[in-house]
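Asker: Submitted below is the structure of interest, expressed as structure tokens.
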Amino acid sequence: MPQPPSAPKSSRSSVGGLLLRLLGLAFIDALALLLAYALVGNGLWPAAIALVVVTIAINWIFLDERLYPVRWLSPGLLMMLLMVVYPLLFTVYVALTNYGDGHLLSKEQVVRQFTTQHYQPPDAVVYQTTVYMSADGAFLLVFTDPKTNTRLAGTADEILKPIDATGDLPGALKDSTGKEYSKVEAMKTLRLLDRLTKIPFSDGTNVVQVTGMGKASQRKPAYAFDPATDQLTDNRTGVVYKPVKGTFTAPDGKTLSPGYHVMIGFENYLRVVKDPNIRSPFLRVFVWTFLFAAFSVLLTFVVGLSMAVVLNDKSLPFRGLFRTLIIIPYAIPAIISTLIWRGLLNPNYGQFSGLIKGVFGTSPQWFIDPFWAKAGILLINTWLGYPYMMLICLGALQSIPGDMFEAADIDGAGKWLQFRKLTLPLLLVSIAPLLIGTFAFNFNNFGLIEAYNKGGPPIAGEATPAGQTDILISYTFRLAFGSGAGADYGLASAIALFIFLLVGGLTMLNFRYTRQLEEVT
Amino acid sequence: MAGTSLSTARRANLFLKIGIAILAVAFALYPVVWIISASLNPANSLLNLSIIPEPASLANFERLVSDPQYPFPLWIWNSIKVAAITSVLTVFLTALAAYSFSRFRYKGRRTGLLVILLIQLFPNSLAIVSLFLLLQQIGNIPGLSWFGLNTHGGLILIYAGGALGFNTWLMKGFFDSIPKELDEVANIDGATKWQVFWSIILPLARPILVVIGILTFIGTYGEFLIARVILKGTENYTLMVGLFLFNSGRAQEWGVITAASLVGALPAVILFFVTQRLLVSGLSSGAVKG
């Protein structure tokens with residue numbers, strides 16, 4: 001029977017469906033437009049452009065019948081773009097910048113922060129103030145210059161305007177919108193002072209700021225920024241600051257804080273190679289990451305395989321019960337198990353340490369001694385990971401054909417020889433990809449390291465916050481979010497990309513091995 | 001002669017295996033038994049070494065629900081909420097994508113499947129710095145504050161970003177095993193593609209939907225790194241983040257810590273054992289194409 005055309009037109013474009021689709025699109029477009037507007041308002045141009053592009057793509061996908069199958073993919077793809085692809089690309093960008101403490105803001109934000117600072121010049125006009133307040137708590141102030149006897153009046157939202165300076169001030173005034181404000185007695189302005197001092201009244205060029213009860217003074221901008229020359233000038237001293245790698249720097253080397261983030265090329269990568277304060281902890285962490293992942297795989301595999309061999313014996317009584325009990329560690333969330341093991345290993349009161357003390361007379365310092373801290377982590381990870389290994393080995397053992405062993409028996413091969421020459425190679429062929437997967441998982445096993453001892457014990461005398469048991473991912477975390485040395489998003493991202501490459505390489509290897517990719521239909 | 005010696009060897013072998021199995025069970029259960037015993041011990045310290053505490057009491061569990069500084073019940077609720085929403089979203093997004101890959105033939109289909117798998121092989125927890133900065137920006141946008149830093153919305157978005165990937169392959173494999181003739185018959189009867197998907201494919205694919213949903217739930221429930229970075233306020237913590245800080249905050253109160261661990265582990269453990277059979281059978285039927 002010939003295949004019918006892939007999808008009859010009528011089935012997908014009923015009138016109601018079309019209407020629903022158009023309504024949905026209109027809603028999405030309206031939402032996107034609002035969002036784009038808000039993004040532009042916040043100065044986030046790249047995000048706004050990305051949003052517009054994505055919205056156009058969505059419209060196209062849902063209007064062009066040829067793209068019908070893509071419609072089904074689009075929600076998942078959208079999430080993936082937003083939360084996987086974009087963060088990955090952004091990581092590449094951040095790794096090329098000095099983003100981090102001291103450089104957290106954009107240049108625009110930093111310039112705004114400086115140019116909105118004000119100072120009181122020696123020749124500033126000092127005003128006497130009269131406060132008016134509206135029923136809803138808004139202020140209108142009258143500023144009187146006692147020297148020239150002129151008056152300015154206005155609210156926080158409008159520029160101060162001169163008003164009639166003769167005679168007493170009236171009991172009520174109106175602003176330009178007609179809202180009425182009534183006079184507040186001088187004595188009662190005291191408790192309003194907190195709010196009044198925060199309002200930046202402006203006469204057009206200078207800020208007029210309330211400085212005390214009944215008093216205000218003229219203040220001038222402390223800095224001026226010239227976009228043409230890209231220079232920031234300090235109005236008080238006349239010193240000119242030029243941007244150097246995201247920091248405004250004076251000719252004499254003095255810098256202004258905060259700085260902003262800029263591209264600094266491959267400096268973060270070079271720091272890992274050149275700066276001995278970073279290179280030495282990085283190498284340590286790097287080597288331990290490999291050892292940790294490799295030993296974790298090895299230990300869980302050996303323990304898991306042994307148990308699988310035992311449980312695979314059909315003559316073993318209570319097999320089902322044993323199996324159920326033995327995989328319990330797999331069901332408990334790893335963070336919880338690790339925290340519990342911490343208690344068991346506590347050198348003073350811990351149960352497990354107590355057992356060891358009972359047998360050997362002394363118990364290792366599981367959290368202070370670097371070697372034993374690593375041993376403790378491997379012990380816990382073995383406990384956490386062997387049930388998974390046992391399950392996959394059990395499956396693999398059962399799929400090895402039994403007649404091979406019969407042939408080996410006839411040839412007089414012993415059990416151990418059979419295990420080494422037959423079982424193990426056959427097993428390894430089928431579970432090697434899972435072993436690589438476990439290696440990659442442990443390579444990034446942040447939870448275990450963090451829950452065990454937060455990467456500690458610390459490495460003495462290092463400039464970056466690396467601990468003896470830190471692996472690359474936890475080192476990255478500490479560089480970016482750790483307390484102490486300050487956030488260094490740039491360096492953290494560079495190291496994260498390095499992990500990306502390693503894990504990616506491993507995974508490609510895995511795929512080559514399993515040929516999974518070629519089997520897609 | 002040879003027969004008896006063989007059976008003696010067999011017997012020795014069996015005893016050895018029973019011994020190993022018992023040792024293995026002891027290794028597996030040792031911390032579990034300790035959690036239970038310590039949580040029932042009102043002494044609240046590590047010092048007590050007896051396995052069965054005397055007198056056993058539920059005092060630790062009572063303290064768990066009554067301490068406003070560590071809102072433990074709220075953490076469990078947060079974790080279940082986040083994990084449940086994430087797994088429903090994941091199953092839905094994956095089912096849509098898998099339907100497209102399974103039922104339509106178009107240019108770039110195979111490439112798309114490969115690209116999705118490759119991209120998702122990189123855990124997005126590696127981009128944690130970017131995700132942190134991204135949510136920070138999103139939170140600053142008026143109207144999107146629900147998805148900023150320190151929100152469950154933002155956390156769920158990040159988790160749902162990893163929805164496609166291996167799940168899509170698993171589900172596509174299952175969908176492929178549902179005969180296409182069913183779709184065609186329904187089409188002839190005038191059903192739309194959506195109706196076919198919703199009322200024919202999804203009910204038939206229930207085992208794989210449940211498997212992916214539960215795997216996602218368990219994974220999300222235990223996730224630590226992203227939740228730790230994104231969530232800041234005590235009242236927003238998921239259980240894993242809460243327990244972690246709870247643990248460092250109450251260095252010696254092991255009675256309460258073990259009680260919290262016991263209660264916190266229960267949802268994951270129960271789900272795992274109740275659905276164990278389904279997980280295994282669902283996985284194998286999804287992987288084997290019909």
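Labeling convention for the structure tokens: chains A, B, ... as they appear, residues from 1 per chain, ligands from 1 in order of appearance.
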Residues at most 10 Å from range 45-51 of chain A, counting only C-alpha atoms, excluding those fewer than 3 positions away in the same chain, as a short mmCIF file (atom, residue, chain, number, x, y, z; two decimals) with C-alpha atoms, in the first residue's frame?
Answerer:
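In the end it all went to result_7.cif:
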```
data_model
loop_
_atom_site.label_atom_id
_atom_site.label_comp_id
_atom_site.auth_asym_id
_atom_site.auth_seq_id
_atom_site.Cartn_x
_atom_site.Cartn_y
_atom_site.Cartn_z
CA ALA A 32 8.00 40.10 23.04
CA LEU A 33 7.49 43.72 22.00
CA LEU A 35 9.96 42.82 26.71
CA ALA A 36 12.17 44.19 23.96
CA TYR A 37 11.11 47.68 24.97
CA ALA A 38 12.03 46.98 28.60
CA LEU A 39 15.37 45.46 27.53
CA VAL A 40 16.28 48.50 25.44
CA GLY A 41 15.30 50.67 28.39
CA ASN A 42 17.82 48.81 30.51
CA VAL A 54 13.79 34.61 18.14
CA THR A 55 10.30 36.12 17.91
CA ILE A 56 10.57 36.47 14.14
CA ALA A 57 11.74 32.85 13.96
CA GLN B 137 19.76 40.32 34.12
CA ILE B 138 16.38 38.65 33.65
#
```
Asker: For chain B, work out the contacting residues on chain A at 6 Å, counting only C-alpha atoms, and write them as a VMD selection string.
Answerer: chain A and resid 11 to 12 69 72 to 73 76 79 to 80 83 to 84 87 to 88 91 310 326 331 to 333 336 349 496
Asker: Residues at most 7 Å from Pro162 in chain A, counting only C-alpha atoms, excluding those fewer than 4 positions away in the same chain, as a list in words?
Answerer: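 My list of contacting residues is Arg151, Leu152 and Ala153 of chain A.
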Asker: Rounded to one decimal in Å, what is the spacing between CA of Phe248 in chain A and CA of His261 in chain A?
Answerer: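 These two atoms are separated by 11.6 Å.
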Asker: Find the residues near Val65 in chain B: any atom within 12 Å, counting only C-alpha atoms, skip ones fewer than 2 places away on the same chain, and give them as a list in words.
Answerer: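 Here the qualifying residues turn out to be Leu58, Ala59, Asn60, Phe61, Glu62, Arg63, Asp67, Pro68, Gln69, Tyr70, Pro71, Phe72, Pro73, Leu74, Trp75, Ile76, Val256, Ala259, Ala260 and Val263 of chain B.
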Asker: Can you tell me how far CA of Glu108 in chain A sits from CA of Gly259 in chain A, in Å to one decimal?
Answerer: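 These atoms are spaced 10.8 Å apart.
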